[in-house]
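Shown next: protein_15.cif, given as mmCIF, N, CA and C atoms.
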data_work
#
loop_
_atom_site.label_atom_id
_atom_site.label_comp_id
_atom_site.auth_asym_id
_atom_site.auth_seq_id
_atom_site.Cartn_x
_atom_site.Cartn_y
_atom_site.Cartn_z
N MET A 141 0.84 -1.16 0.00
CA MET A 141 0.00 0.00 0.00
C MET A 141 0.90 1.24 0.00
N GLU A 142 0.86 1.95 -1.09
CA GLU A 142 1.64 3.18 -1.20
C GLU A 142 0.85 4.20 -1.99
N LEU A 143 0.93 5.43 -1.55
CA LEU A 143 0.23 6.54 -2.19
C LEU A 143 1.25 7.60 -2.56
N ARG A 144 1.36 7.90 -3.84
CA ARG A 144 2.26 8.96 -4.29
C ARG A 144 1.55 10.28 -4.12
N ILE A 145 2.15 11.17 -3.33
CA ILE A 145 1.57 12.48 -3.07
C ILE A 145 1.95 13.47 -4.16
N THR A 146 3.22 13.50 -4.51
CA THR A 146 3.71 14.42 -5.54
C THR A 146 5.05 13.95 -6.06
N GLU A 147 5.37 14.32 -7.27
CA GLU A 147 6.69 14.04 -7.82
C GLU A 147 7.69 15.12 -7.41
N ASP A 148 7.19 16.22 -6.85
CA ASP A 148 8.04 17.30 -6.35
C ASP A 148 8.80 16.78 -5.12
N SER A 149 10.11 16.78 -5.19
CA SER A 149 10.90 16.24 -4.09
C SER A 149 11.62 17.33 -3.30
N SER A 150 11.10 18.53 -3.33
CA SER A 150 11.74 19.62 -2.59
C SER A 150 11.50 19.45 -1.09
N TRP A 151 12.47 19.89 -0.29
CA TRP A 151 12.34 19.80 1.16
C TRP A 151 11.21 20.68 1.66
N SER A 152 11.01 21.83 1.03
CA SER A 152 9.93 22.72 1.48
C SER A 152 8.56 22.06 1.26
N ARG A 153 8.40 21.37 0.16
CA ARG A 153 7.14 20.67 -0.13
C ARG A 153 6.95 19.52 0.87
N TYR A 154 8.03 18.82 1.17
CA TYR A 154 7.98 17.72 2.14
C TYR A 154 7.56 18.24 3.51
N ASP A 155 8.15 19.34 3.94
CA ASP A 155 7.79 19.93 5.23
C ASP A 155 6.31 20.32 5.25
N ALA A 156 5.83 20.88 4.15
CA ALA A 156 4.41 21.27 4.07
C ALA A 156 3.50 20.05 4.14
N VAL A 157 3.86 18.99 3.44
CA VAL A 157 3.06 17.75 3.48
C VAL A 157 3.08 17.16 4.89
N ALA A 158 4.24 17.16 5.54
CA ALA A 158 4.35 16.63 6.90
C ALA A 158 3.47 17.42 7.86
N GLN A 159 3.49 18.74 7.76
CA GLN A 159 2.66 19.57 8.63
C GLN A 159 1.17 19.32 8.37
N ASP A 160 0.82 19.23 7.09
CA ASP A 160 -0.58 18.97 6.72
C ASP A 160 -1.03 17.61 7.24
N PHE A 161 -0.19 16.60 7.07
CA PHE A 161 -0.53 15.25 7.53
C PHE A 161 -0.73 15.24 9.04
N SER A 162 0.20 15.85 9.77
CA SER A 162 0.09 15.90 11.23
C SER A 162 -1.20 16.57 11.66
N SER A 163 -1.54 17.67 11.01
CA SER A 163 -2.75 18.41 11.35
C SER A 163 -4.01 17.63 10.99
N ALA A 164 -4.03 17.07 9.80
CA ALA A 164 -5.23 16.37 9.32
C ALA A 164 -5.56 15.13 10.15
N PHE A 165 -4.53 14.42 10.62
CA PHE A 165 -4.76 13.17 11.32
C PHE A 165 -4.47 13.26 12.82
N GLY A 166 -4.13 14.48 13.30
CA GLY A 166 -3.92 14.70 14.72
C GLY A 166 -2.79 13.87 15.31
N VAL A 167 -1.70 13.77 14.56
CA VAL A 167 -0.56 12.95 14.99
C VAL A 167 0.73 13.75 14.89
N SER A 168 1.75 13.26 15.57
CA SER A 168 3.10 13.81 15.47
C SER A 168 4.02 12.68 15.03
N ALA A 169 5.11 13.04 14.42
CA ALA A 169 6.08 12.03 14.00
C ALA A 169 6.64 11.33 15.23
N VAL A 170 6.69 10.00 15.19
CA VAL A 170 7.25 9.23 16.29
C VAL A 170 8.70 8.86 16.00
N ALA A 171 9.11 8.96 14.74
CA ALA A 171 10.50 8.71 14.35
C ALA A 171 10.80 9.53 13.11
N ILE A 172 11.99 10.10 13.08
CA ILE A 172 12.41 10.92 11.93
C ILE A 172 13.80 10.46 11.51
N CYS A 173 13.94 10.21 10.23
CA CYS A 173 15.24 9.83 9.68
C CYS A 173 15.47 10.68 8.43
N ASP A 174 16.38 11.65 8.52
CA ASP A 174 16.69 12.52 7.40
C ASP A 174 18.06 12.15 6.83
N GLY A 175 18.15 12.17 5.51
CA GLY A 175 19.42 11.94 4.83
C GLY A 175 19.68 13.06 3.86
N LEU A 176 20.67 12.88 3.00
CA LEU A 176 21.00 13.92 2.03
C LEU A 176 19.94 14.07 0.96
N ASP A 177 19.41 12.95 0.47
CA ASP A 177 18.44 13.02 -0.61
C ASP A 177 17.17 12.23 -0.34
N GLU A 178 16.95 11.84 0.92
CA GLU A 178 15.69 11.21 1.27
C GLU A 178 15.43 11.35 2.76
N ALA A 179 14.16 11.19 3.12
CA ALA A 179 13.75 11.30 4.51
C ALA A 179 12.56 10.37 4.76
N TYR A 180 12.46 9.91 5.99
CA TYR A 180 11.35 9.09 6.45
C TYR A 180 10.82 9.69 7.74
N TYR A 181 9.53 9.96 7.80
CA TYR A 181 8.88 10.36 9.04
C TYR A 181 7.83 9.30 9.33
N ASP A 182 7.91 8.66 10.48
CA ASP A 182 6.93 7.66 10.87
C ASP A 182 5.89 8.29 11.79
N TYR A 183 4.64 7.96 11.53
CA TYR A 183 3.52 8.42 12.34
C TYR A 183 2.73 7.19 12.77
N GLU A 184 2.08 7.28 13.91
CA GLU A 184 1.18 6.22 14.32
C GLU A 184 -0.24 6.74 14.22
N VAL A 185 -1.01 6.13 13.33
CA VAL A 185 -2.40 6.52 13.08
C VAL A 185 -3.27 5.34 13.46
N GLU A 186 -4.04 5.49 14.52
CA GLU A 186 -4.93 4.43 15.02
C GLU A 186 -4.19 3.12 15.21
N GLY A 187 -2.97 3.19 15.71
CA GLY A 187 -2.18 1.99 15.98
C GLY A 187 -1.40 1.46 14.80
N VAL A 188 -1.55 2.09 13.65
CA VAL A 188 -0.86 1.66 12.42
C VAL A 188 0.29 2.62 12.15
N THR A 189 1.49 2.07 11.93
CA THR A 189 2.63 2.92 11.61
C THR A 189 2.60 3.24 10.12
N VAL A 190 2.58 4.54 9.84
CA VAL A 190 2.52 5.05 8.47
C VAL A 190 3.77 5.89 8.24
N THR A 191 4.40 5.72 7.10
CA THR A 191 5.64 6.43 6.80
C THR A 191 5.41 7.44 5.68
N LEU A 192 5.84 8.67 5.95
CA LEU A 192 5.89 9.72 4.93
C LEU A 192 7.32 9.71 4.41
N HIS A 193 7.48 9.54 3.12
CA HIS A 193 8.81 9.32 2.54
C HIS A 193 9.10 10.34 1.44
N LEU A 194 10.27 10.94 1.52
CA LEU A 194 10.79 11.82 0.46
C LEU A 194 11.97 11.11 -0.17
N GLN A 195 11.93 10.94 -1.46
CA GLN A 195 13.07 10.39 -2.20
C GLN A 195 13.34 11.33 -3.35
N HIS A 196 14.55 11.83 -3.42
CA HIS A 196 14.92 12.87 -4.38
C HIS A 196 14.44 12.58 -5.80
N TYR A 197 14.56 11.36 -6.27
CA TYR A 197 14.22 11.03 -7.66
C TYR A 197 12.77 10.62 -7.85
N LEU A 198 12.10 10.24 -6.77
CA LEU A 198 10.73 9.72 -6.89
C LEU A 198 9.65 10.66 -6.37
N GLY A 199 10.00 11.58 -5.49
CA GLY A 199 9.01 12.49 -4.94
C GLY A 199 8.62 12.12 -3.53
N ILE A 200 7.38 12.42 -3.18
CA ILE A 200 6.88 12.22 -1.82
C ILE A 200 5.75 11.20 -1.86
N SER A 201 5.83 10.22 -0.95
CA SER A 201 4.80 9.19 -0.88
C SER A 201 4.51 8.85 0.58
N ILE A 202 3.40 8.16 0.77
CA ILE A 202 2.99 7.67 2.08
C ILE A 202 2.69 6.19 1.93
N PHE A 203 3.18 5.41 2.90
CA PHE A 203 2.88 3.99 2.87
C PHE A 203 2.76 3.43 4.28
N VAL A 204 2.05 2.29 4.38
CA VAL A 204 1.96 1.58 5.65
C VAL A 204 3.30 0.89 5.84
N SER A 205 3.92 1.12 6.98
CA SER A 205 5.26 0.62 7.24
C SER A 205 5.28 -0.90 7.39
N LYS A 206 6.43 -1.46 7.06
CA LYS A 206 6.63 -2.90 7.21
C LYS A 206 6.37 -3.28 8.66
N GLY A 207 5.62 -4.31 8.85
CA GLY A 207 5.24 -4.72 10.20
C GLY A 207 3.84 -4.28 10.56
N SER A 208 3.37 -3.21 9.92
CA SER A 208 2.00 -2.74 10.19
C SER A 208 1.02 -3.22 9.13
N GLU A 209 1.53 -3.85 8.06
CA GLU A 209 0.62 -4.30 6.99
C GLU A 209 -0.40 -5.29 7.49
N THR A 210 -0.06 -6.05 8.53
CA THR A 210 -0.97 -7.08 9.04
C THR A 210 -1.87 -6.56 10.17
N HIS A 211 -1.68 -5.31 10.56
CA HIS A 211 -2.53 -4.72 11.61
C HIS A 211 -3.98 -4.73 11.12
N PRO A 212 -4.93 -5.09 11.98
CA PRO A 212 -6.34 -5.16 11.55
C PRO A 212 -6.88 -3.86 10.97
N LYS A 213 -6.33 -2.72 11.36
CA LYS A 213 -6.84 -1.44 10.87
C LYS A 213 -6.03 -0.89 9.70
N SER A 214 -5.00 -1.59 9.23
CA SER A 214 -4.10 -1.01 8.22
C SER A 214 -4.84 -0.61 6.95
N GLN A 215 -5.75 -1.44 6.48
CA GLN A 215 -6.46 -1.10 5.24
C GLN A 215 -7.41 0.08 5.43
N SER A 216 -8.09 0.13 6.57
CA SER A 216 -9.03 1.25 6.77
C SER A 216 -8.27 2.56 7.00
N VAL A 217 -7.14 2.51 7.70
CA VAL A 217 -6.33 3.71 7.89
C VAL A 217 -5.79 4.19 6.55
N PHE A 218 -5.27 3.27 5.75
CA PHE A 218 -4.74 3.65 4.45
C PHE A 218 -5.85 4.21 3.56
N ALA A 219 -7.05 3.65 3.64
CA ALA A 219 -8.18 4.15 2.86
C ALA A 219 -8.52 5.59 3.28
N LYS A 220 -8.50 5.89 4.57
CA LYS A 220 -8.77 7.26 5.05
C LYS A 220 -7.72 8.24 4.52
N ILE A 221 -6.47 7.82 4.57
CA ILE A 221 -5.38 8.67 4.08
C ILE A 221 -5.54 8.91 2.59
N SER A 222 -5.79 7.85 1.85
CA SER A 222 -5.97 7.97 0.39
C SER A 222 -7.14 8.89 0.05
N GLU A 223 -8.24 8.72 0.75
CA GLU A 223 -9.42 9.56 0.51
C GLU A 223 -9.10 11.02 0.80
N TYR A 224 -8.38 11.29 1.88
CA TYR A 224 -8.02 12.65 2.23
C TYR A 224 -7.21 13.29 1.11
N TYR A 225 -6.22 12.59 0.59
CA TYR A 225 -5.38 13.19 -0.46
C TYR A 225 -6.07 13.24 -1.81
N GLU A 226 -7.01 12.34 -2.08
CA GLU A 226 -7.79 12.43 -3.31
C GLU A 226 -8.67 13.67 -3.29
N MET A 227 -9.22 14.00 -2.13
CA MET A 227 -10.07 15.17 -2.01
C MET A 227 -9.25 16.46 -2.15
N LYS A 228 -7.99 16.43 -1.74
CA LYS A 228 -7.14 17.61 -1.84
C LYS A 228 -6.71 17.88 -3.28
N ASN A 229 -6.69 16.88 -4.12
CA ASN A 229 -6.23 17.06 -5.50
C ASN A 229 -7.35 17.30 -6.42
#
Could the structure of this file be written out as structure tokens, please?
Amino acid sequence: MELRITEDSSWSRYDAVAQDFSSAFGVSAVAICDGLDEAYYDYEVEGVTVTLHLQHYLGISIFVSKGSETHPKSQSVFAKISEYYEMKN
């Protein structure tokens, strides 16, 4: 389960998406890993770990993190996230 948010891989766009995600779902990042050309911010949404990912060549995406795919709520959480971003576009 992965949702591409944008092909724009700028840090400013990533920061804006992270702030929007935190606000929309009432969560804060529980883990942050920044590198030179990519970043991962992990959030816990209804018990499901969701990762916001920036990759310089691919853009910005959101996916259910490894280990959370089998969580009973993973599909419904991912559906809520997908619906939210479909409405924004």
Tell me which residues the PyMOL selection byres (((chain A and resi 199 and name CA) around 10) and name CA) grabs here, as a list in words.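 So the PyMOL selection byres (((chain A and resi 199 and name CA) around 10) and name CA) ends up selecting Arg144, Ile145, Thr146, Glu147, Asp148, Ser149, Ser150, Arg153, Tyr154, Glu178, His193, Leu194, Gln195, His196, Tyr197, Leu198, Ile200 and Ser201 of chain A.
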Find the axis-aligned box for stretch 177-194 of chain A, covering all its listed atoms and adding 6 Å on each side, and write its centre and edge lengths in Å to one decimal as JSON.
{"center_x": 7.2, "center_y": 7.2, "center_z": 7.7, "size_x": 36.3, "size_y": 23.6, "size_z": 28.6}
Applied to the shown file, which residues does the PyMOL selection byres ((chain A and resi 189) around 6) return, written as a VMD selection string? chain A and resid 183 to 185 187 to 188 190 to 191 203 to 205 208
Could you check how far atom CA of A:Met227 sits from atom CA of A:Gly207, in Å to one decimal? 27.9 Å
Please evaluate the PyMOL selection byres (((chain A and resi 218-226 and name CA) around 9) and name CA) against the structure above and give the resulting residues as number ranges by chain. A: 141-143, 145, 161, 164-165, 190, 202-204, 213-217, 227-229
For the atom pair atom N of A:Val170 and atom C of A:Glu186, what is the interatomic distance in Å to one decimal place?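 Atom N of A:Val170 sits 12.9 Å away from atom C of A:Glu186.
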Provide the atom CA of A:Val167 to atom C of A:Trp151 distance in Å, to one decimal place. 19.4 Å
Please identify the helix (DSSP H, G or I) residues within chain A (assignment by DSSP from backbone atoms) and present them as a count of residues only. 30
